[in-house]
Amino acid sequence: MDLMDSNSSIEEKNFYETIIKESAQYQSSSLSLSKYLAPYFSQAVRKNDKALLAIYYCLLADQSFNAEGARNNFSDKYYLKALDLEEGYSYQNVRIWVKVMYGFYLYRCLKASEALPFILEGEKGLEDIPKELVLDLTQTYKKLGYFFGTLGDYTAGIKYLDLGQRQEQISPKLKAEILDNLGLLTLKSGGDTLQAMKIFELAQTLALSENDSLRYAKILGNQAAVFEGMKDYHKALLLLDKDLEISRSLGNDRNTIFALVMRIRLNIANKETKDVRHMIAEAESLLLGSDDKKTILELEIHKLNLAMQSNDIGRELNARRRIERLQDSLRFLDGDPVLSQLKFMADKQKYADKLSLAQAVIKKKQAERRLWLILSLLVLVLFFFIYNAVRSRARKRIRDYEYQLLNLKYTKAELDRELVSSKSQVEEYVAYLKRNNEQINVLSAMLEEKGNVVEKDREELKILLQSHLITEEKWQEFKLLIVKEFPNLLQDIQSRFPDITESNLRVIVLMKLGLNNKEVANVLGVTPDAIKKSMQRLKKKLGDQAGMLMEYISDKEFV
């Protein structure tokens with residue numbers, strides 16, 4: 001099928017895009033949007049246009065989320081309806097738009113880990129279709145830029161925001177918004193400070209020309225961040241005062257809180273703490289009922305520092321208790337600082353690799369089938385019926401193999417997510433290792449079945465098998481987890497048996513976790529005999545202590 005044929009026509013694309021863009025005028029209420037969309041809903045039902053129906057549900061879901069200011073039953077229900085319609089139409093460009101919309105919705109709900117596969121699938125799809133057929137291209141680029149920028153992938157974030165602001169017919173107001181965020185990502189990425197200021201100034205000019213006071217205030221706050229980085233606190237504070245004045249006058253609590261928190265930070269850095277408590281109180285009053293735990297945590301840290309400076313033991317203890325509770329709850333949020341950001345970067349790469357690999361395999365098989373069909377028609381005309389039967393069986397074998405391989409890849413991705421989410425409990429890591437062993441056994445069995453696996457795909461199976469093993473990097477991450485939950489364990493092992501190597505330590509810990517010889521060999525990528533011989537050499541080296549070692553391993557209780 002031609003690439004253009006897999007998407008809506010230019011006329012259909014323009015029709016869908018007009019609905020998407022015009023619907024923005026009716027976002028103030030669900031009633032006004034429903035009235036606007038009602039004729040299109042009737043048309044979609046009458047003509048069985050599943051693509052139009054999916055767009056309809058996405059627009060309703062987005063309006064419901066914006067109106068409530070949070071995830072709700074209607075927004076979830078409408079988005080799931082849109083996703084369920086995917087099999088009912090073949091338009092790749094509509095599917096990409098729906099994926100990006102839903103992924104960005106999950107990201108706004110602070111569910112970035114759930115959003116990641118949808119965003120990446122949408123991003124990958126953009127590479128395969130002409131730009132003139134992409135629905136709402138500027139907004140799509142903006143959403144991708146915001147998502148990747150928030151996760152710390154500044155290169156991707158800057159790329160998509162730059163593409164977004166370069167699109168023709170972009171409104172000055174939207175361009176100001178995108179440029180403001182582009183300047184912020186340029187600053188966060190450690191890029192040229194002067195370049196970031198130039199971008200902010202351009203955004204500022206556009207915001208003023210559109211009388212967009214809120215965007216102008218946000219830009220002032222971001223410019224203040226530039227001067228904060230340069231330690232020019234005086235200029236930063238002047239800009240923040242303007243930001244606060246505008247945000248308060250507009251009644252925009254969110255931007256007021258952002259400016260207040262930054263001003264508190266600058267006042268403390270500038271050793272001007274006179275009005276800090278008052279500003280903290282104002283920020284806290286605006287945060288009442290909010291779930292913005294990160295901002296609340298930052299305010300508590302400032303309160304702790306003030307209490308310590310004034311030697312107020314009571315306030316200090318209260319602040320410490322609240323900080324501990326907030327840090328504990330933040331530990332499970334997608335946006336939790338450095339470790340979470342690294343996790344998402346790793347997840348992004350894993351998902352991207354798997355999507356690329358799956359698509360490459362499918363394209364390769366399709367190309368092989370087309371070539372085989374052409375050659376067969378030219379050379380084997382006399383054996384048409386025989387060839388047909390053989391080809392049918394070959395197709396079934398390829399489908400079965402592709403299904404099994406993709407299922408293994410999906411299970412591997414599931415295991416990776418479980419591993420990331422289980423880094424707070426050693427017991428869950430053990431369950432992960434047990435499931436990992438099952439997958440290793442399946443992959444090993446597939447590699448041994450020479451008749452069912454084509455030789456050119458054997459390397460792919462080996463790579464997938466290798467990804468299940470405990471690499472040096474995974475081992476170091478697991479050691480950190482053990483030290484966190486059982487601070488004395490590794491030190492205890494090494495003090496009892498000072499002659500053991502790092503390799504011995506790895507085997508001892510895995511056995512103490514409850515893995516047998518074969519399971520330990522599996523996850524380390526060696527043979528059970530190698531583990532057995534390694535333990536024999538260790539026993540010989542330990543001498544009289546060998547019995548103590550085996551007793552220690554057999555005792556599964558961690559201390």
# chains A, B, ... in the order shown; residues from 1 in each chain; ligands from 1
call {"tool": "residues_around", "arguments": {"residues": "Ser64 in chain A", "least_positions_apart": "5", "cutoff": "9 Å", "atoms": "only C-alpha atoms", "output": "list in words"}}
result
Gln27, Ser29, Ser30, Leu59, Gly69, Ala70, Arg71, Asn72, Phe74 and Ser75 of chain A
call {"tool": "residues_around", "arguments": {"residues": "Asn252 in chain A", "least_positions_apart": "6", "cutoff": "12 Å", "atoms": "only C-alpha atoms", "output": "PyMOL selection string"}}
result
chain A and resi 213-215+217-218+243-246+258-259+286-287
call {"tool": "write_last_selection", "arguments": {"atoms": "C-alpha atoms", "output": "short mmCIF file (atom, residue, chain, number, x, y, z; two decimals), in the first residue's frame"}}
result
data_model
loop_
_atom_site.label_atom_id
_atom_site.label_comp_id
_atom_site.auth_asym_id
_atom_site.auth_seq_id
_atom_site.Cartn_x
_atom_site.Cartn_y
_atom_site.Cartn_z
CA SER A 213 -0.43 39.64 30.11
CA LEU A 214 -0.18 36.17 31.66
CA ARG A 215 2.39 34.98 29.12
CA ALA A 217 4.38 37.60 33.38
CA LYS A 218 5.62 34.03 32.84
CA ASP A 243 5.73 39.08 37.46
CA LEU A 244 4.00 38.98 40.87
CA GLU A 245 2.16 42.25 40.29
CA ILE A 246 0.67 41.01 37.00
CA PHE A 258 5.73 30.04 41.01
CA ALA A 259 6.91 33.66 41.33
CA LEU A 286 -2.83 29.75 47.49
CA LEU A 287 -1.81 26.07 47.61
#
call {"tool": "atom_distance", "arguments": {"atom1": "CA of Tyr36 in chain A", "atom2": "CA of Asp212 in chain A"}}
result
26.5 Å
call {"tool": "atom_distance", "arguments": {"atom1": "CA of Thr205 in chain A", "atom2": "CA of Asp180 in chain A"}}
result
11.0 Å
call {"tool": "residues_around", "arguments": {"residues": "range 78-94 of chain A", "least_positions_apart": "6", "cutoff": "7 Å", "atoms": "only C-alpha atoms", "output": "ChimeraX atom specification"}}
result
/A:6-8,50-51,54,57-58,60-61,102,133-135
call {"tool": "write_last_selection", "arguments": {"atoms": "N, CA, C and O atoms", "output": "PDB file, in the first residue's frame"}}
result
ATOM      1  N   SER A   6      -2.342   5.200   3.199  1.00  0.00           N
ATOM      2  CA  SER A   6      -2.573   4.786   4.583  1.00  0.00           C
ATOM      3  C   SER A   6      -3.029   5.947   5.452  1.00  0.00           C
ATOM      4  O   SER A   6      -3.249   5.778   6.644  1.00  0.00           O
ATOM      5  N   ASN A   7      -3.154   7.146   4.886  1.00  0.00           N
ATOM      6  CA  ASN A   7      -3.601   8.325   5.618  1.00  0.00           C
ATOM      7  C   ASN A   7      -4.860   8.884   4.971  1.00  0.00           C
ATOM      8  O   ASN A   7      -5.228   8.518   3.851  1.00  0.00           O
ATOM      9  N   SER A   8      -5.511   9.787   5.711  1.00  0.00           N
ATOM     10  CA  SER A   8      -6.657  10.456   5.104  1.00  0.00           C
ATOM     11  C   SER A   8      -6.172  11.322   3.944  1.00  0.00           C
ATOM     12  O   SER A   8      -5.015  11.732   3.899  1.00  0.00           O
ATOM     13  N   LYS A  50     -15.191   6.186  11.604  1.00  0.00           N
ATOM     14  CA  LYS A  50     -14.613   5.918  12.923  1.00  0.00           C
ATOM     15  C   LYS A  50     -13.495   6.911  13.263  1.00  0.00           C
ATOM     16  O   LYS A  50     -13.274   7.231  14.435  1.00  0.00           O
ATOM     17  N   ALA A  51     -12.790   7.403  12.243  1.00  0.00           N
ATOM     18  CA  ALA A  51     -11.717   8.376  12.493  1.00  0.00           C
ATOM     19  C   ALA A  51     -12.299   9.680  13.045  1.00  0.00           C
ATOM     20  O   ALA A  51     -11.782  10.251  14.015  1.00  0.00           O
ATOM     21  N   ALA A  54     -13.386   9.169  16.601  1.00  0.00           N
ATOM     22  CA  ALA A  54     -12.251   9.185  17.545  1.00  0.00           C
ATOM     23  C   ALA A  54     -11.836  10.615  17.869  1.00  0.00           C
ATOM     24  O   ALA A  54     -11.555  10.953  19.029  1.00  0.00           O
ATOM     25  N   TYR A  57     -14.396  12.163  20.324  1.00  0.00           N
ATOM     26  CA  TYR A  57     -14.226  11.745  21.722  1.00  0.00           C
ATOM     27  C   TYR A  57     -12.985  12.384  22.360  1.00  0.00           C
ATOM     28  O   TYR A  57     -13.003  12.753  23.533  1.00  0.00           O
ATOM     29  N   CYS A  58     -11.918  12.535  21.596  1.00  0.00           N
ATOM     30  CA  CYS A  58     -10.706  13.180  22.129  1.00  0.00           C
ATOM     31  C   CYS A  58     -10.974  14.630  22.513  1.00  0.00           C
ATOM     32  O   CYS A  58     -10.510  15.107  23.559  1.00  0.00           O
ATOM     33  N   LEU A  60     -13.858  15.983  23.347  1.00  0.00           N
ATOM     34  CA  LEU A  60     -14.700  16.006  24.550  1.00  0.00           C
ATOM     35  C   LEU A  60     -13.876  15.689  25.800  1.00  0.00           C
ATOM     36  O   LEU A  60     -14.056  16.310  26.849  1.00  0.00           O
ATOM     37  N   ALA A  61     -12.979  14.711  25.678  1.00  0.00           N
ATOM     38  CA  ALA A  61     -12.139  14.323  26.823  1.00  0.00           C
ATOM     39  C   ALA A  61     -11.244  15.474  27.247  1.00  0.00           C
ATOM     40  O   ALA A  61     -11.095  15.762  28.447  1.00  0.00           O
ATOM     41  N   TYR A 102      -3.658  11.435  23.798  1.00  0.00           N
ATOM     42  CA  TYR A 102      -3.852  10.620  25.003  1.00  0.00           C
ATOM     43  C   TYR A 102      -2.574  10.582  25.842  1.00  0.00           C
ATOM     44  O   TYR A 102      -2.631  10.676  27.074  1.00  0.00           O
ATOM     45  N   LEU A 133       0.249  15.863   5.804  1.00  0.00           N
ATOM     46  CA  LEU A 133      -0.881  15.047   6.227  1.00  0.00           C
ATOM     47  C   LEU A 133      -0.983  14.909   7.739  1.00  0.00           C
ATOM     48  O   LEU A 133      -1.906  14.271   8.245  1.00  0.00           O
ATOM     49  N   VAL A 134      -0.036  15.499   8.476  1.00  0.00           N
ATOM     50  CA  VAL A 134      -0.072  15.419   9.941  1.00  0.00           C
ATOM     51  C   VAL A 134      -1.160  16.350  10.466  1.00  0.00           C
ATOM     52  O   VAL A 134      -1.239  17.517  10.089  1.00  0.00           O
ATOM     53  N   LEU A 135      -1.995  15.825  11.358  1.00  0.00           N
ATOM     54  CA  LEU A 135      -3.077  16.627  11.937  1.00  0.00           C
ATOM     55  C   LEU A 135      -2.524  17.584  12.991  1.00  0.00           C
ATOM     56  O   LEU A 135      -1.748  17.181  13.858  1.00  0.00           O
TER      57      LEU A 135
END
call {"tool": "select_by_dssp", "arguments": {"residues": "range 459-519 of chain A", "states": "alpha helix (DSSP H)", "output": "PyMOL selection string"}}
result
chain A and resi 459-467+472-485+489-496+502-512+517-519
call {"tool": "write_last_selection", "arguments": {"atoms": "C-alpha atoms", "output": "tab-separated table (two decimals), in the first residue's frame"}}
result
chain	number	residue	atom	x	y	z
A	459	GLU	CA	21.01	-12.85	16.34
A	460	GLU	CA	17.85	-10.95	17.29
A	461	LEU	CA	16.92	-13.66	19.81
A	462	LYS	CA	20.43	-13.54	21.27
A	463	ILE	CA	20.20	-9.77	21.75
A	464	LEU	CA	16.84	-10.14	23.51
A	465	LEU	CA	18.27	-12.92	25.70
A	466	GLN	CA	21.27	-10.73	26.56
A	467	SER	CA	18.94	-7.91	27.71
A	472	GLU	CA	27.49	-4.81	35.70
A	473	GLU	CA	25.27	-1.70	35.60
A	474	LYS	CA	22.21	-3.65	36.85
A	475	TRP	CA	24.31	-5.27	39.57
A	476	GLN	CA	25.52	-1.88	40.81
A	477	GLU	CA	21.90	-0.58	40.87
A	478	PHE	CA	20.84	-3.68	42.84
A	479	LYS	CA	23.68	-3.18	45.33
A	480	LEU	CA	22.43	0.37	45.97
A	481	LEU	CA	18.92	-1.05	46.57
A	482	ILE	CA	20.32	-3.62	49.05
A	483	VAL	CA	22.35	-0.97	50.88
A	484	LYS	CA	19.24	1.22	51.09
A	485	GLU	CA	16.99	-1.49	52.58
A	489	LEU	CA	24.12	-6.81	54.66
A	490	LEU	CA	27.01	-6.45	52.19
A	491	GLN	CA	29.35	-5.25	54.91
A	492	ASP	CA	28.29	-8.27	57.01
A	493	ILE	CA	29.09	-10.74	54.20
A	494	GLN	CA	32.47	-9.19	53.49
A	495	SER	CA	33.41	-9.03	57.18
A	496	ARG	CA	32.49	-12.71	57.68
A	502	GLU	CA	33.04	-9.23	43.77
A	503	SER	CA	32.02	-12.19	41.55
A	504	ASN	CA	31.64	-14.42	44.63
A	505	LEU	CA	29.60	-11.72	46.37
A	506	ARG	CA	27.20	-11.56	43.44
A	507	VAL	CA	26.57	-15.33	43.53
A	508	ILE	CA	26.21	-15.40	47.35
A	509	VAL	CA	23.64	-12.57	47.36
A	510	LEU	CA	21.56	-14.17	44.56
A	511	MET	CA	21.57	-17.55	46.35
A	512	LYS	CA	20.64	-15.90	49.62
A	517	ASN	CA	22.26	-22.79	40.81
A	518	LYS	CA	20.46	-22.87	37.44
A	519	GLU	CA	18.58	-19.62	38.10
call {"tool": "residues_around", "arguments": {"residues": "range 197-199 of chain A", "least_positions_apart": "5", "cutoff": "9 Å", "atoms": "only C-alpha atoms", "output": "list of chain:residue names"}}
result
A:Leu179, A:Asp180, A:Leu182, A:Gly183, A:Leu184, A:Leu187, A:Asp192, A:Gln204, A:Gln223, A:Val226
call {"tool": "decode", "arguments": {"residues": "range 495-516 of chain A", "atoms": "N, CA, C and O atoms", "output": "PDB file, in the first residue's frame"}}
result
ATOM      1  N   SER A 495      32.668  -8.913  55.918  1.00  0.00           N
ATOM      2  CA  SER A 495      33.412  -9.032  57.177  1.00  0.00           C
ATOM      3  C   SER A 495      33.512 -10.493  57.625  1.00  0.00           C
ATOM      4  O   SER A 495      34.504 -10.919  58.196  1.00  0.00           O
ATOM      5  N   ARG A 496      32.463 -11.284  57.327  1.00  0.00           N
ATOM      6  CA  ARG A 496      32.493 -12.712  57.677  1.00  0.00           C
ATOM      7  C   ARG A 496      33.474 -13.482  56.786  1.00  0.00           C
ATOM      8  O   ARG A 496      34.152 -14.396  57.234  1.00  0.00           O
ATOM      9  N   PHE A 497      33.460 -13.105  55.493  1.00  0.00           N
ATOM     10  CA  PHE A 497      34.278 -13.852  54.533  1.00  0.00           C
ATOM     11  C   PHE A 497      35.126 -12.856  53.733  1.00  0.00           C
ATOM     12  O   PHE A 497      34.814 -12.531  52.593  1.00  0.00           O
ATOM     13  N   PRO A 498      36.185 -12.346  54.321  1.00  0.00           N
ATOM     14  CA  PRO A 498      36.981 -11.273  53.703  1.00  0.00           C
ATOM     15  C   PRO A 498      37.680 -11.682  52.405  1.00  0.00           C
ATOM     16  O   PRO A 498      38.101 -10.829  51.644  1.00  0.00           O
ATOM     17  N   ASP A 499      37.806 -12.989  52.145  1.00  0.00           N
ATOM     18  CA  ASP A 499      38.548 -13.427  50.959  1.00  0.00           C
ATOM     19  C   ASP A 499      37.691 -13.490  49.702  1.00  0.00           C
ATOM     20  O   ASP A 499      38.206 -13.821  48.629  1.00  0.00           O
ATOM     21  N   ILE A 500      36.384 -13.201  49.793  1.00  0.00           N
ATOM     22  CA  ILE A 500      35.532 -13.356  48.606  1.00  0.00           C
ATOM     23  C   ILE A 500      35.756 -12.198  47.631  1.00  0.00           C
ATOM     24  O   ILE A 500      36.067 -11.088  48.020  1.00  0.00           O
ATOM     25  N   THR A 501      35.575 -12.507  46.339  1.00  0.00           N
ATOM     26  CA  THR A 501      35.685 -11.507  45.279  1.00  0.00           C
ATOM     27  C   THR A 501      34.318 -10.889  45.009  1.00  0.00           C
ATOM     28  O   THR A 501      33.301 -11.358  45.527  1.00  0.00           O
ATOM     29  N   GLU A 502      34.313  -9.862  44.158  1.00  0.00           N
ATOM     30  CA  GLU A 502      33.039  -9.235  43.766  1.00  0.00           C
ATOM     31  C   GLU A 502      32.153 -10.251  43.060  1.00  0.00           C
ATOM     32  O   GLU A 502      30.945 -10.283  43.237  1.00  0.00           O
ATOM     33  N   SER A 503      32.771 -11.142  42.244  1.00  0.00           N
ATOM     34  CA  SER A 503      32.016 -12.186  41.549  1.00  0.00           C
ATOM     35  C   SER A 503      31.406 -13.158  42.547  1.00  0.00           C
ATOM     36  O   SER A 503      30.246 -13.558  42.423  1.00  0.00           O
ATOM     37  N   ASN A 504      32.178 -13.547  43.580  1.00  0.00           N
ATOM     38  CA  ASN A 504      31.645 -14.424  44.632  1.00  0.00           C
ATOM     39  C   ASN A 504      30.478 -13.752  45.341  1.00  0.00           C
ATOM     40  O   ASN A 504      29.449 -14.388  45.625  1.00  0.00           O
ATOM     41  N   LEU A 505      30.634 -12.463  45.656  1.00  0.00           N
ATOM     42  CA  LEU A 505      29.603 -11.719  46.374  1.00  0.00           C
ATOM     43  C   LEU A 505      28.280 -11.724  45.603  1.00  0.00           C
ATOM     44  O   LEU A 505      27.212 -11.904  46.172  1.00  0.00           O
ATOM     45  N   ARG A 506      28.388 -11.579  44.278  1.00  0.00           N
ATOM     46  CA  ARG A 506      27.196 -11.555  43.441  1.00  0.00           C
ATOM     47  C   ARG A 506      26.443 -12.886  43.544  1.00  0.00           C
ATOM     48  O   ARG A 506      25.228 -12.926  43.721  1.00  0.00           O
ATOM     49  N   VAL A 507      27.185 -14.003  43.471  1.00  0.00           N
ATOM     50  CA  VAL A 507      26.566 -15.330  43.530  1.00  0.00           C
ATOM     51  C   VAL A 507      25.961 -15.572  44.913  1.00  0.00           C
ATOM     52  O   VAL A 507      24.844 -16.068  45.051  1.00  0.00           O
ATOM     53  N   ILE A 508      26.682 -15.186  45.978  1.00  0.00           N
ATOM     54  CA  ILE A 508      26.213 -15.404  47.353  1.00  0.00           C
ATOM     55  C   ILE A 508      24.900 -14.653  47.590  1.00  0.00           C
ATOM     56  O   ILE A 508      23.938 -15.195  48.136  1.00  0.00           O
ATOM     57  N   VAL A 509      24.846 -13.384  47.157  1.00  0.00           N
ATOM     58  CA  VAL A 509      23.638 -12.573  47.360  1.00  0.00           C
ATOM     59  C   VAL A 509      22.446 -13.170  46.617  1.00  0.00           C
ATOM     60  O   VAL A 509      21.347 -13.294  47.160  1.00  0.00           O
ATOM     61  N   LEU A 510      22.655 -13.595  45.339  1.00  0.00           N
ATOM     62  CA  LEU A 510      21.557 -14.166  44.561  1.00  0.00           C
ATOM     63  C   LEU A 510      21.056 -15.467  45.176  1.00  0.00           C
ATOM     64  O   LEU A 510      19.854 -15.742  45.200  1.00  0.00           O
ATOM     65  N   MET A 511      21.994 -16.302  45.694  1.00  0.00           N
ATOM     66  CA  MET A 511      21.573 -17.550  46.350  1.00  0.00           C
ATOM     67  C   MET A 511      20.831 -17.260  47.645  1.00  0.00           C
ATOM     68  O   MET A 511      19.841 -17.912  47.990  1.00  0.00           O
ATOM     69  N   LYS A 512      21.305 -16.256  48.371  1.00  0.00           N
ATOM     70  CA  LYS A 512      20.643 -15.903  49.622  1.00  0.00           C
ATOM     71  C   LYS A 512      19.235 -15.371  49.372  1.00  0.00           C
ATOM     72  O   LYS A 512      18.348 -15.475  50.208  1.00  0.00           O
ATOM     73  N   LEU A 513      19.026 -14.795  48.165  1.00  0.00           N
ATOM     74  CA  LEU A 513      17.699 -14.330  47.781  1.00  0.00           C
ATOM     75  C   LEU A 513      16.753 -15.484  47.458  1.00  0.00           C
ATOM     76  O   LEU A 513      15.559 -15.276  47.295  1.00  0.00           O
ATOM     77  N   GLY A 514      17.298 -16.711  47.329  1.00  0.00           N
ATOM     78  CA  GLY A 514      16.443 -17.868  47.082  1.00  0.00           C
ATOM     79  C   GLY A 514      16.581 -18.458  45.699  1.00  0.00           C
ATOM     80  O   GLY A 514      15.829 -19.348  45.312  1.00  0.00           O
ATOM     81  N   LEU A 515      17.540 -17.969  44.877  1.00  0.00           N
ATOM     82  CA  LEU A 515      17.734 -18.516  43.541  1.00  0.00           C
ATOM     83  C   LEU A 515      18.608 -19.767  43.626  1.00  0.00           C
ATOM     84  O   LEU A 515      19.592 -19.793  44.386  1.00  0.00           O
ATOM     85  N   ASN A 516      18.256 -20.788  42.842  1.00  0.00           N
ATOM     86  CA  ASN A 516      19.089 -21.989  42.811  1.00  0.00           C
ATOM     87  C   ASN A 516      20.222 -21.822  41.807  1.00  0.00           C
ATOM     88  O   ASN A 516      20.317 -20.792  41.118  1.00  0.00           O
TER      89      ASN A 516
END
